[in-house]
$ cat my_file_11.cif   # mmCIF, C-alpha atoms
data_upload
loop_
_atom_site.group_PDB
_atom_site.id
_atom_site.type_symbol
_atom_site.label_atom_id
_atom_site.label_comp_id
_atom_site.auth_asym_id
_atom_site.auth_seq_id
_atom_site.Cartn_x
_atom_site.Cartn_y
_atom_site.Cartn_z
ATOM 1 C CA MET A 1368 -19.399 -107.353 -107.435
ATOM 2 C CA PRO A 1369 -19.137 -103.915 -109.091
ATOM 3 C CA TYR A 1370 -15.973 -101.898 -108.809
ATOM 4 C CA LYS A 1371 -16.136 -99.257 -106.076
ATOM 5 C CA ILE A 1372 -15.203 -95.581 -106.224
ATOM 6 C CA LEU A 1373 -14.215 -94.030 -102.899
ATOM 7 C CA ILE A 1374 -15.046 -90.314 -102.768
ATOM 8 C CA THR A 1375 -13.067 -88.786 -99.922
ATOM 9 C CA THR A 1376 -13.652 -85.055 -100.493
ATOM 10 C CA SER A 1377 -15.519 -83.517 -97.560
ATOM 11 C CA SER A 1378 -18.525 -82.744 -99.746
ATOM 12 C CA PHE A 1379 -19.296 -84.013 -103.210
ATOM 13 C CA ALA A 1380 -22.125 -83.552 -105.741
ATOM 14 C CA LYS A 1381 -24.238 -81.494 -103.360
ATOM 15 C CA ASN A 1382 -24.877 -79.020 -106.163
ATOM 16 C CA ASP A 1383 -25.033 -81.494 -109.046
ATOM 17 C CA LEU A 1384 -26.360 -85.000 -108.377
ATOM 18 C CA ASN A 1385 -25.780 -85.901 -112.033
ATOM 19 C CA LEU A 1386 -22.119 -86.392 -111.134
ATOM 20 C CA LEU A 1387 -22.987 -89.435 -109.040
ATOM 21 C CA LYS A 1388 -25.303 -90.677 -111.781
ATOM 22 C CA SER A 1389 -22.474 -90.511 -114.300
ATOM 23 C CA ILE A 1390 -20.482 -92.853 -112.040
ATOM 24 C CA THR A 1391 -23.260 -95.410 -111.505
ATOM 25 C CA GLU A 1392 -24.096 -95.405 -115.237
ATOM 26 C CA GLN A 1393 -20.669 -96.978 -115.782
ATOM 27 C CA GLY A 1394 -21.601 -99.887 -113.516
ATOM 28 C CA LEU A 1395 -19.552 -98.457 -110.660
ATOM 29 C CA GLN A 1396 -20.586 -98.177 -107.021
ATOM 30 C CA PHE A 1397 -19.635 -95.054 -105.075
ATOM 31 C CA VAL A 1398 -18.854 -94.626 -101.381
ATOM 32 C CA LEU A 1399 -19.032 -91.100 -99.951
ATOM 33 C CA ASN A 1400 -16.960 -89.595 -97.161
ATOM 34 C CA PRO A 1401 -19.035 -90.497 -94.056
ATOM 35 C CA PHE A 1402 -17.597 -87.691 -91.895
ATOM 36 C CA SER A 1403 -18.233 -84.664 -94.172
ATOM 37 C CA ARG A 1404 -14.815 -83.239 -93.262
ATOM 38 C CA LYS A 1405 -11.143 -83.787 -94.034
ATOM 39 C CA LEU A 1406 -10.222 -87.397 -93.244
ATOM 40 C CA THR A 1407 -7.326 -88.412 -91.043
ATOM 41 C CA GLU A 1408 -4.758 -90.924 -92.225
ATOM 42 C CA THR A 1409 -6.365 -93.598 -90.043
ATOM 43 C CA GLU A 1410 -9.858 -92.877 -91.373
ATOM 44 C CA VAL A 1411 -8.897 -93.039 -95.038
ATOM 45 C CA PHE A 1412 -6.807 -96.163 -94.322
ATOM 46 C CA GLU A 1413 -9.857 -97.866 -92.798
ATOM 47 C CA LEU A 1414 -12.172 -96.813 -95.643
ATOM 48 C CA ILE A 1415 -9.764 -98.177 -98.236
ATOM 49 C CA GLU A 1416 -9.287 -101.372 -96.274
ATOM 50 C CA GLN A 1417 -13.063 -101.849 -96.041
ATOM 51 C CA HIS A 1418 -14.110 -100.946 -99.593
ATOM 52 C CA GLN A 1419 -11.009 -101.702 -101.740
ATOM 53 C CA PRO A 1420 -11.796 -99.062 -104.393
ATOM 54 C CA VAL A 1421 -10.587 -99.219 -107.971
ATOM 55 C CA GLY A 1422 -10.686 -95.426 -108.107
ATOM 56 C CA MET A 1423 -10.749 -92.458 -105.770
ATOM 57 C CA ILE A 1424 -12.004 -88.908 -106.054
ATOM 58 C CA ALA A 1425 -9.714 -87.430 -103.450
ATOM 59 C CA GLY A 1426 -9.646 -84.344 -101.273
ATOM 60 C CA VAL A 1427 -6.641 -83.243 -99.239
ATOM 61 C CA GLU A 1428 -6.521 -86.186 -96.836
ATOM 62 C CA PRO A 1429 -3.074 -87.783 -96.359
ATOM 63 C CA LEU A 1430 -2.653 -90.517 -98.959
ATOM 64 C CA THR A 1431 0.589 -91.879 -97.539
ATOM 65 C CA ARG A 1432 2.471 -94.999 -98.590
ATOM 66 C CA LYS A 1433 0.905 -96.840 -95.653
ATOM 67 C CA VAL A 1434 -2.575 -95.924 -96.881
ATOM 68 C CA LEU A 1435 -1.933 -96.624 -100.560
ATOM 69 C CA GLU A 1436 -0.318 -100.007 -99.934
ATOM 70 C CA LYS A 1437 -3.608 -101.110 -98.374
ATOM 71 C CA ALA A 1438 -5.401 -100.371 -101.693
ATOM 72 C CA GLN A 1439 -5.038 -103.710 -103.443
ATOM 73 C CA VAL A 1440 -6.930 -102.853 -106.670
ATOM 74 C CA LEU A 1441 -6.610 -99.058 -106.822
ATOM 75 C CA LYS A 1442 -5.877 -97.816 -110.344
ATOM 76 C CA VAL A 1443 -6.712 -94.092 -110.324
ATOM 77 C CA ILE A 1444 -6.629 -91.187 -107.861
ATOM 78 C CA SER A 1445 -8.534 -88.210 -109.268
ATOM 79 C CA ARG A 1446 -7.844 -85.117 -107.161
ATOM 80 C CA ALA A 1447 -10.693 -82.621 -107.007
ATOM 81 C CA GLY A 1448 -8.399 -79.610 -106.882
ATOM 82 C CA ILE A 1449 -4.918 -78.474 -107.847
ATOM 83 C CA GLY A 1450 -2.520 -79.599 -105.151
ATOM 84 C CA ILE A 1451 -1.211 -83.139 -104.900
ATOM 85 C CA ASP A 1452 1.105 -82.479 -101.957
ATOM 86 C CA SER A 1453 -1.057 -84.693 -99.720
ATOM 87 C CA VAL A 1454 -0.268 -87.720 -101.913
ATOM 88 C CA ASP A 1455 2.936 -89.764 -101.653
ATOM 89 C CA LEU A 1456 3.945 -89.511 -105.303
ATOM 90 C CA TYR A 1457 6.788 -92.019 -104.911
ATOM 91 C CA ALA A 1458 4.315 -94.593 -103.597
ATOM 92 C CA VAL A 1459 1.887 -93.800 -106.427
ATOM 93 C CA LYS A 1460 4.631 -94.461 -108.968
ATOM 94 C CA ASP A 1461 5.835 -97.630 -107.256
ATOM 95 C CA LEU A 1462 2.312 -99.031 -107.044
ATOM 96 C CA GLY A 1463 1.390 -98.169 -110.633
ATOM 97 C CA ILE A 1464 -1.451 -95.806 -109.699
ATOM 98 C CA THR A 1465 -2.415 -92.975 -112.045
ATOM 99 C CA ILE A 1466 -3.012 -89.568 -110.462
ATOM 100 C CA THR A 1467 -4.826 -86.589 -112.017
ATOM 101 C CA ASN A 1468 -5.922 -83.171 -110.806
ATOM 102 C CA THR A 1469 -8.161 -80.280 -111.899
ATOM 103 C CA PRO A 1470 -5.869 -77.260 -112.240
ATOM 104 C CA ASP A 1471 -8.264 -74.961 -114.108
ATOM 105 C CA ALA A 1472 -11.425 -75.091 -111.979
ATOM 106 C CA PRO A 1473 -10.126 -73.300 -108.822
ATOM 107 C CA THR A 1474 -8.505 -70.406 -110.700
ATOM 108 C CA ILE A 1475 -11.350 -67.879 -110.639
ATOM 109 C CA PRO A 1476 -12.714 -68.769 -107.165
ATOM 110 C CA VAL A 1477 -9.292 -68.537 -105.475
ATOM 111 C CA ALA A 1478 -8.347 -65.327 -107.295
ATOM 112 C CA GLU A 1479 -11.657 -63.672 -106.380
ATOM 113 C CA LEU A 1480 -11.334 -64.682 -102.716
ATOM 114 C CA THR A 1481 -7.795 -63.267 -102.670
ATOM 115 C CA LEU A 1482 -9.021 -59.955 -104.039
ATOM 116 C CA GLY A 1483 -11.827 -59.902 -101.475
ATOM 117 C CA MET A 1484 -9.353 -60.539 -98.666
ATOM 118 C CA ILE A 1485 -7.094 -57.723 -99.832
ATOM 119 C CA LEU A 1486 -9.969 -55.228 -99.919
ATOM 120 C CA THR A 1487 -11.270 -56.413 -96.538
ATOM 121 C CA LEU A 1488 -7.889 -55.914 -94.881
ATOM 122 C CA LEU A 1489 -7.238 -52.542 -96.492
ATOM 123 C CA ARG A 1490 -10.597 -51.109 -95.370
ATOM 124 C CA SER A 1491 -10.804 -53.084 -92.073
ATOM 125 C CA ILE A 1492 -14.259 -54.294 -93.075
ATOM 126 C CA HIS A 1493 -14.060 -57.264 -90.702
ATOM 127 C CA ILE A 1494 -13.245 -55.049 -87.721
ATOM 128 C CA SER A 1495 -16.152 -52.671 -88.301
ATOM 129 C CA ASP A 1496 -18.560 -55.557 -88.880
ATOM 130 C CA THR A 1497 -17.472 -57.344 -85.689
ATOM 131 C CA SER A 1498 -17.788 -54.189 -83.599
ATOM 132 C CA ILE A 1499 -21.393 -53.666 -84.684
ATOM 133 C CA ARG A 1500 -22.446 -57.311 -84.404
ATOM 134 C CA HIS A 1501 -20.787 -58.294 -81.151
ATOM 135 C CA TYR A 1502 -19.959 -55.139 -79.225
ATOM 136 C CA ASN A 1503 -22.749 -52.744 -80.242
ATOM 137 C CA SER A 1504 -19.984 -50.297 -81.007
ATOM 138 C CA TRP A 1505 -19.846 -47.840 -83.897
ATOM 139 C CA VAL A 1506 -16.213 -48.383 -84.943
ATOM 140 C CA ARG A 1507 -15.123 -46.537 -88.097
ATOM 141 C CA PRO A 1508 -11.497 -47.512 -88.807
ATOM 142 C CA MET A 1509 -9.632 -45.356 -91.300
ATOM 143 C CA GLY A 1510 -8.713 -47.640 -94.196
ATOM 144 C CA ASN A 1511 -6.471 -47.485 -97.248
ATOM 145 C CA LEU A 1512 -7.023 -47.719 -100.975
ATOM 146 C CA LEU A 1513 -5.900 -50.556 -103.200
ATOM 147 C CA HIS A 1514 -5.399 -47.976 -105.937
ATOM 148 C CA GLY A 1515 -1.722 -47.148 -106.323
ATOM 149 C CA ARG A 1516 -0.476 -50.027 -104.170
ATOM 150 C CA THR A 1517 2.292 -52.403 -105.213
ATOM 151 C CA VAL A 1518 1.085 -55.995 -105.145
ATOM 152 C CA GLY A 1519 3.623 -58.820 -105.182
ATOM 153 C CA LEU A 1520 2.609 -62.224 -106.497
ATOM 154 C CA ILE A 1521 4.690 -65.179 -105.318
ATOM 155 C CA GLY A 1522 3.748 -67.710 -107.989
ATOM 156 C CA CYS A 1523 2.634 -66.546 -111.419
ATOM 157 C CA GLY A 1524 0.729 -69.544 -112.780
ATOM 158 C CA ARG A 1525 -3.003 -69.738 -113.460
ATOM 159 C CA ILE A 1526 -4.233 -68.152 -110.234
ATOM 160 C CA GLY A 1527 -1.537 -65.502 -109.927
ATOM 161 C CA SER A 1528 -1.986 -64.477 -113.549
ATOM 162 C CA TYR A 1529 -5.768 -64.271 -113.282
ATOM 163 C CA LEU A 1530 -5.501 -62.273 -110.060
ATOM 164 C CA SER A 1531 -3.202 -59.818 -111.832
ATOM 165 C CA LYS A 1532 -5.979 -59.134 -114.364
ATOM 166 C CA LEU A 1533 -8.441 -58.383 -111.561
ATOM 167 C CA LEU A 1534 -5.944 -56.110 -109.838
ATOM 168 C CA SER A 1535 -5.077 -54.191 -113.007
ATOM 169 C CA SER A 1536 -8.417 -52.361 -112.910
ATOM 170 C CA PHE A 1537 -7.497 -50.910 -109.490
ATOM 171 C CA GLY A 1538 -4.448 -49.086 -110.780
ATOM 172 C CA CYS A 1539 -1.951 -51.281 -108.941
ATOM 173 C CA GLU A 1540 1.669 -51.862 -109.782
ATOM 174 C CA ILE A 1541 2.074 -55.628 -109.985
ATOM 175 C CA LEU A 1542 5.332 -57.499 -109.442
ATOM 176 C CA GLY A 1543 5.766 -61.240 -109.817
ATOM 177 C CA PHE A 1544 8.251 -63.839 -108.637
ATOM 178 C CA ASP A 1545 8.252 -67.396 -109.911
ATOM 179 C CA PRO A 1546 11.334 -69.630 -110.219
ATOM 180 C CA LEU A 1547 9.738 -71.350 -113.233
ATOM 181 C CA ILE A 1548 8.749 -68.196 -115.133
ATOM 182 C CA ASP A 1549 11.026 -65.414 -116.345
ATOM 183 C CA LYS A 1550 8.537 -63.332 -118.350
ATOM 184 C CA ASN A 1551 4.902 -62.234 -118.203
ATOM 185 C CA ASP A 1552 3.195 -59.947 -120.700
ATOM 186 C CA ASN A 1553 1.055 -58.242 -118.030
ATOM 187 C CA PHE A 1554 3.507 -57.510 -115.203
ATOM 188 C CA SER A 1555 7.191 -57.508 -114.298
ATOM 189 C CA ILE A 1556 8.960 -60.655 -113.084
ATOM 190 C CA VAL A 1557 11.522 -59.639 -110.465
ATOM 191 C CA SER A 1558 13.806 -61.238 -107.888
ATOM 192 C CA LEU A 1559 12.458 -62.523 -104.588
ATOM 193 C CA GLU A 1560 14.465 -59.869 -102.758
ATOM 194 C CA LYS A 1561 12.887 -57.062 -104.782
ATOM 195 C CA ILE A 1562 9.348 -58.317 -104.402
ATOM 196 C CA LEU A 1563 9.704 -58.733 -100.631
ATOM 197 C CA SER A 1564 11.124 -55.242 -100.116
ATOM 198 C CA ASN A 1565 8.772 -53.406 -102.508
ATOM 199 C CA ALA A 1566 5.351 -55.050 -102.155
ATOM 200 C CA ASP A 1567 2.678 -53.319 -100.073
ATOM 201 C CA ILE A 1568 0.660 -56.524 -100.393
ATOM 202 C CA LEU A 1569 2.282 -59.948 -100.826
ATOM 203 C CA SER A 1570 0.093 -62.827 -102.053
ATOM 204 C CA LEU A 1571 1.192 -66.478 -102.154
ATOM 205 C CA HIS A 1572 0.235 -68.713 -105.095
ATOM 206 C CA ILE A 1573 2.786 -71.538 -105.000
ATOM 207 C CA PRO A 1574 2.414 -75.254 -104.223
ATOM 208 C CA TYR A 1575 3.486 -76.738 -100.933
ATOM 209 C CA ASN A 1576 6.424 -79.128 -100.825
ATOM 210 C CA GLN A 1577 9.395 -79.682 -98.544
ATOM 211 C CA LYS A 1578 11.397 -77.047 -100.404
ATOM 212 C CA ASN A 1579 8.633 -74.492 -99.814
ATOM 213 C CA HIS A 1580 8.027 -75.415 -96.171
ATOM 214 C CA HIS A 1581 7.869 -72.128 -94.236
ATOM 215 C CA PHE A 1582 8.692 -70.223 -97.408
ATOM 216 C CA ILE A 1583 7.699 -67.134 -95.452
ATOM 217 C CA ASN A 1584 9.780 -67.338 -92.285
ATOM 218 C CA THR A 1585 11.315 -64.913 -89.792
ATOM 219 C CA GLU A 1586 14.156 -63.944 -92.125
ATOM 220 C CA ARG A 1587 11.923 -63.263 -95.129
ATOM 221 C CA ILE A 1588 9.419 -61.351 -93.023
ATOM 222 C CA LYS A 1589 12.298 -59.081 -91.925
ATOM 223 C CA ASN A 1590 12.945 -58.390 -95.615
ATOM 224 C CA MET A 1591 9.310 -57.456 -96.261
ATOM 225 C CA LYS A 1592 8.197 -53.848 -96.354
ATOM 226 C CA LYS A 1593 7.213 -52.552 -92.898
ATOM 227 C CA GLY A 1594 3.434 -52.307 -92.606
ATOM 228 C CA SER A 1595 2.778 -54.583 -95.591
ATOM 229 C CA LEU A 1596 0.012 -57.170 -95.844
ATOM 230 C CA LEU A 1597 0.470 -60.922 -96.356
ATOM 231 C CA ILE A 1598 -2.157 -63.110 -98.060
ATOM 232 C CA ASN A 1599 -2.155 -66.913 -98.257
ATOM 233 C CA THR A 1600 -4.879 -68.639 -100.262
ATOM 234 C CA ALA A 1601 -2.470 -71.291 -101.538
ATOM 235 C CA ARG A 1602 -1.448 -73.977 -99.031
ATOM 236 C CA GLY A 1603 -0.856 -74.405 -95.332
ATOM 237 C CA GLY A 1604 2.778 -74.836 -94.367
ATOM 238 C CA LEU A 1605 4.008 -72.045 -96.632
ATOM 239 C CA ILE A 1606 4.100 -69.640 -93.679
ATOM 240 C CA ASP A 1607 5.777 -70.067 -90.315
ATOM 241 C CA GLU A 1608 2.681 -69.155 -88.281
ATOM 242 C CA ASP A 1609 4.680 -68.383 -85.125
ATOM 243 C CA ALA A 1610 6.878 -65.950 -87.048
ATOM 244 C CA LEU A 1611 3.788 -64.390 -88.596
ATOM 245 C CA TYR A 1612 2.175 -63.947 -85.181
ATOM 246 C CA ASP A 1613 5.270 -62.207 -83.858
ATOM 247 C CA ALA A 1614 5.425 -59.862 -86.867
ATOM 248 C CA LEU A 1615 1.733 -58.975 -86.611
ATOM 249 C CA SER A 1616 1.592 -58.551 -82.846
ATOM 250 C CA SER A 1617 4.689 -56.315 -82.905
ATOM 251 C CA GLY A 1618 3.184 -54.162 -85.661
ATOM 252 C CA TYR A 1619 5.960 -54.895 -88.151
ATOM 253 C CA LEU A 1620 3.408 -56.293 -90.606
ATOM 254 C CA GLY A 1621 0.185 -54.364 -91.072
ATOM 255 C CA GLY A 1622 -2.073 -57.380 -91.466
ATOM 256 C CA ALA A 1623 -2.589 -60.830 -92.916
ATOM 257 C CA ALA A 1624 -5.360 -62.875 -94.489
ATOM 258 C CA ILE A 1625 -4.958 -66.638 -94.175
ATOM 259 C CA ASP A 1626 -7.163 -69.303 -95.772
ATOM 260 C CA CYS A 1627 -4.805 -72.299 -95.391
ATOM 261 C CA PHE A 1628 -3.080 -73.527 -92.231
ATOM 262 C CA GLU A 1629 -0.531 -76.144 -91.200
ATOM 263 C CA GLN A 1630 -3.128 -77.807 -88.987
ATOM 264 C CA GLU A 1631 -6.798 -77.667 -89.948
ATOM 265 C CA PRO A 1632 -9.224 -76.901 -88.395
ATOM 266 C CA TYR A 1633 -7.099 -74.007 -87.126
ATOM 267 C CA THR A 1634 -7.056 -73.325 -83.373
ATOM 268 C CA GLY A 1635 -3.870 -71.254 -83.011
ATOM 269 C CA LYS A 1636 -3.004 -67.889 -81.566
ATOM 270 C CA LEU A 1637 -3.543 -65.845 -84.747
ATOM 271 C CA LYS A 1638 -7.200 -65.817 -83.672
ATOM 272 C CA LYS A 1639 -6.267 -63.345 -80.936
ATOM 273 C CA LEU A 1640 -5.256 -60.600 -83.392
ATOM 274 C CA ASP A 1641 -7.591 -58.035 -84.950
ATOM 275 C CA ASN A 1642 -5.287 -57.414 -87.910
ATOM 276 C CA VAL A 1643 -5.721 -60.981 -89.199
ATOM 277 C CA LEU A 1644 -8.535 -62.218 -91.417
ATOM 278 C CA LEU A 1645 -9.049 -65.984 -91.098
ATOM 279 C CA THR A 1646 -11.119 -68.248 -93.340
ATOM 280 C CA ALA A 1647 -11.623 -72.006 -93.270
ATOM 281 C CA HIS A 1648 -9.818 -73.105 -96.464
ATOM 282 C CA ILE A 1649 -12.634 -71.839 -98.704
ATOM 283 C CA GLY A 1650 -10.505 -70.675 -101.646
ATOM 284 C CA SER A 1651 -12.096 -72.929 -104.249
ATOM 285 C CA TYR A 1652 -15.343 -73.293 -102.333
ATOM 286 C CA ALA A 1653 -17.612 -71.324 -104.647
ATOM 287 C CA GLN A 1654 -20.620 -73.124 -106.063
ATOM 288 C CA GLU A 1655 -19.784 -72.593 -109.729
ATOM 289 C CA GLY A 1656 -16.115 -73.448 -109.269
ATOM 290 C CA ARG A 1657 -16.933 -76.474 -107.149
ATOM 291 C CA ILE A 1658 -19.303 -77.902 -109.753
ATOM 292 C CA LEU A 1659 -16.680 -77.472 -112.483
ATOM 293 C CA MET A 1660 -13.957 -78.988 -110.291
ATOM 294 C CA GLU A 1661 -16.024 -82.058 -109.416
ATOM 295 C CA LYS A 1662 -17.155 -82.483 -113.023
ATOM 296 C CA GLN A 1663 -13.552 -82.458 -114.217
ATOM 297 C CA ALA A 1664 -12.563 -84.873 -111.434
ATOM 298 C CA VAL A 1665 -15.225 -87.360 -112.564
ATOM 299 C CA GLU A 1666 -14.218 -86.987 -116.204
ATOM 300 C CA ASN A 1667 -10.569 -87.602 -115.319
ATOM 301 C CA LEU A 1668 -11.478 -90.642 -113.240
ATOM 302 C CA LEU A 1669 -13.626 -92.287 -115.913
ATOM 303 C CA ARG A 1670 -11.099 -91.562 -118.671
ATOM 304 C CA GLU A 1671 -8.267 -93.221 -116.763
ATOM 305 C CA LEU A 1672 -10.419 -96.187 -115.714
ATOM 306 C CA ARG A 1673 -11.220 -96.766 -119.408
ATOM 307 C CA LYS A 1674 -7.535 -96.705 -120.213
ATOM 308 C CA ALA A 1675 -6.983 -99.267 -117.454
ATOM 309 C CA GLY A 1676 -9.700 -101.492 -118.898
ATOM 310 C CA CYS A 1677 -11.925 -101.266 -115.807
ATOM 311 C CA ILE A 1678 -14.907 -99.796 -117.676
ATOM 312 C CA LYS A 1679 -15.914 -99.564 -121.327
#
$ encode --input "my_file_11.cif" --output "structure tokens"
Amino acid sequence: MPYKILITTSSFAKNDLNLLKSITEQGLQFVLNPFSRKLTETEVFELIEQHQPVGMIAGVEPLTRKVLEKAQVLKVISRAGIGIDSVDLYAVKDLGITITNTPDAPTIPVAELTLGMILTLLRSIHISDTSIRHYNSWVRPMGNLLHGRTVGLIGCGRIGSYLSKLLSSFGCEILGFDPLIDKNDNFSIVSLEKILSNADILSLHIPYNQKNHHFINTERIKNMKKGSLLINTARGGLIDEDALYDALSSGYLGGAAIDCFEQEPYTGKLKKLDNVLLTAHIGSYAQEGRILMEKQAVENLLRELRKAGCIK
């Protein structure tokens, strides 16, 4: 029987069928996500139990110790994306599984979406569009310019740095905070306190982990500039959504744009507010970026399977 590759991302190779061909050409058999959405822990557990893959091309489903211990022959987890917070890294190490990711592919798509969200909030594009479409009302909200605004970047890695280049053409002052970086040639690295109190627009670009759980909470929101905007295209769980709702509904914050939520699909009370822009975790979901991400995920998978002696 050929080795199996379990592909658990919600969609895969829809824009490039050659990716699947490159897997079968190695004598491997692939199994696609049958639900076309994010898998639950139980669903991925059952798929692994049924197919016993030697490799996985993984999405953001919970790969817990319970799930991974069921994978008797699994050698490689190739994440199609940056974050590996959904994977129990201690279990991966204990079980001798190699894990890879694709940190470069999402950079441009996520940065461009972030810029689009900022402009949409500043000019209230979503409010005017909704009024015309759904209420037959000619609403013309007075917006604000991005030019001259101070933008704070929490996280100054690939995405934050690329976003800073896009923002520079708008005449923004850019401030950055990153505990792992103390210098950037394009903008100033400052303390967290300074960036919270000075930024007109605060954009999150950090990974999620227990240390960063509710990184933006009631206390830090109180330290943010009154009327400022908050953007999250990074990870769910970075923001205390109840605290954010309170700050937005009271008018303390001017608006927010959220692409990632603690529970997805999102059904919470932020939907009630006009000053919130909500998207369904589409940060990296641009055709060109997706193709590159999936291509790199396949390359990583096949490289590590060769190292493990599973293919030639």
$ residues_around --input "my_file_11.cif" --residues "Glu1655 (chain A)" --least-positions-apart "3" --cutoff "12 Å" --atoms "all atoms listed in the file" --output "VMD selection string"
chain A and resid 1380 to 1383 1472 to 1476 1651 to 1652 1658 to 1662
$ residues_around --input "my_file_11.cif" --residues "region 1616-1620 of chain A" --least-positions-apart "6" --cutoff "7 Å" --atoms "only C-alpha atoms" --output "list in words"
Lys1593, Gly1594, Ser1595 and Leu1596 of chain A
$ atom_distance --input "my_file_11.cif" --atom1 "CA of Asn1590 (chain A)" --atom2 "CA of Tyr1612 (chain A)"
16.0 Å
$ resolve_selection --input "my_file_11.cif" --expression "the PyMOL selection byres ((chain A and resi 1585-1588) around 9)" --output "list in words"
Glu1560, Leu1563, Phe1582, Ile1583, Asn1584, Lys1589, Asn1590, Met1591, Lys1592, Asp1607, Asp1609, Ala1610, Leu1611, Asp1613, Ala1614, Tyr1619 and Leu1620 of chain A
$ write_last_selection --input "my_file_11.cif" --atoms "C-alpha atoms" --output "PDB file, keeping the file's coordinate frame"
ATOM      1  CA  GLU A1560      14.465 -59.869-102.758  1.00  0.00           C
ATOM      2  CA  LEU A1563       9.704 -58.733-100.631  1.00  0.00           C
ATOM      3  CA  PHE A1582       8.692 -70.223 -97.408  1.00  0.00           C
ATOM      4  CA  ILE A1583       7.699 -67.134 -95.452  1.00  0.00           C
ATOM      5  CA  ASN A1584       9.780 -67.338 -92.285  1.00  0.00           C
ATOM      6  CA  LYS A1589      12.298 -59.081 -91.925  1.00  0.00           C
ATOM      7  CA  ASN A1590      12.945 -58.390 -95.615  1.00  0.00           C
ATOM      8  CA  MET A1591       9.310 -57.456 -96.261  1.00  0.00           C
ATOM      9  CA  LYS A1592       8.197 -53.848 -96.354  1.00  0.00           C
ATOM     10  CA  ASP A1607       5.777 -70.067 -90.315  1.00  0.00           C
ATOM     11  CA  ASP A1609       4.680 -68.383 -85.125  1.00  0.00           C
ATOM     12  CA  ALA A1610       6.878 -65.950 -87.048  1.00  0.00           C
ATOM     13  CA  LEU A1611       3.788 -64.390 -88.596  1.00  0.00           C
ATOM     14  CA  ASP A1613       5.270 -62.207 -83.858  1.00  0.00           C
ATOM     15  CA  ALA A1614       5.425 -59.862 -86.867  1.00  0.00           C
ATOM     16  CA  TYR A1619       5.960 -54.895 -88.151  1.00  0.00           C
ATOM     17  CA  LEU A1620       3.408 -56.293 -90.606  1.00  0.00           C
TER      18      LEU A1620
END
$ resolve_selection --input "my_file_11.cif" --expression "the PyMOL selection byres ((chain A and resi 1540) around 6)" --output "number ranges by chain"
A: 1517, 1539, 1541
$ atom_distance --input "my_file_11.cif" --atom1 "CA of Leu1386 (chain A)" --atom2 "CA of Val1454 (chain A)"
23.8 Å
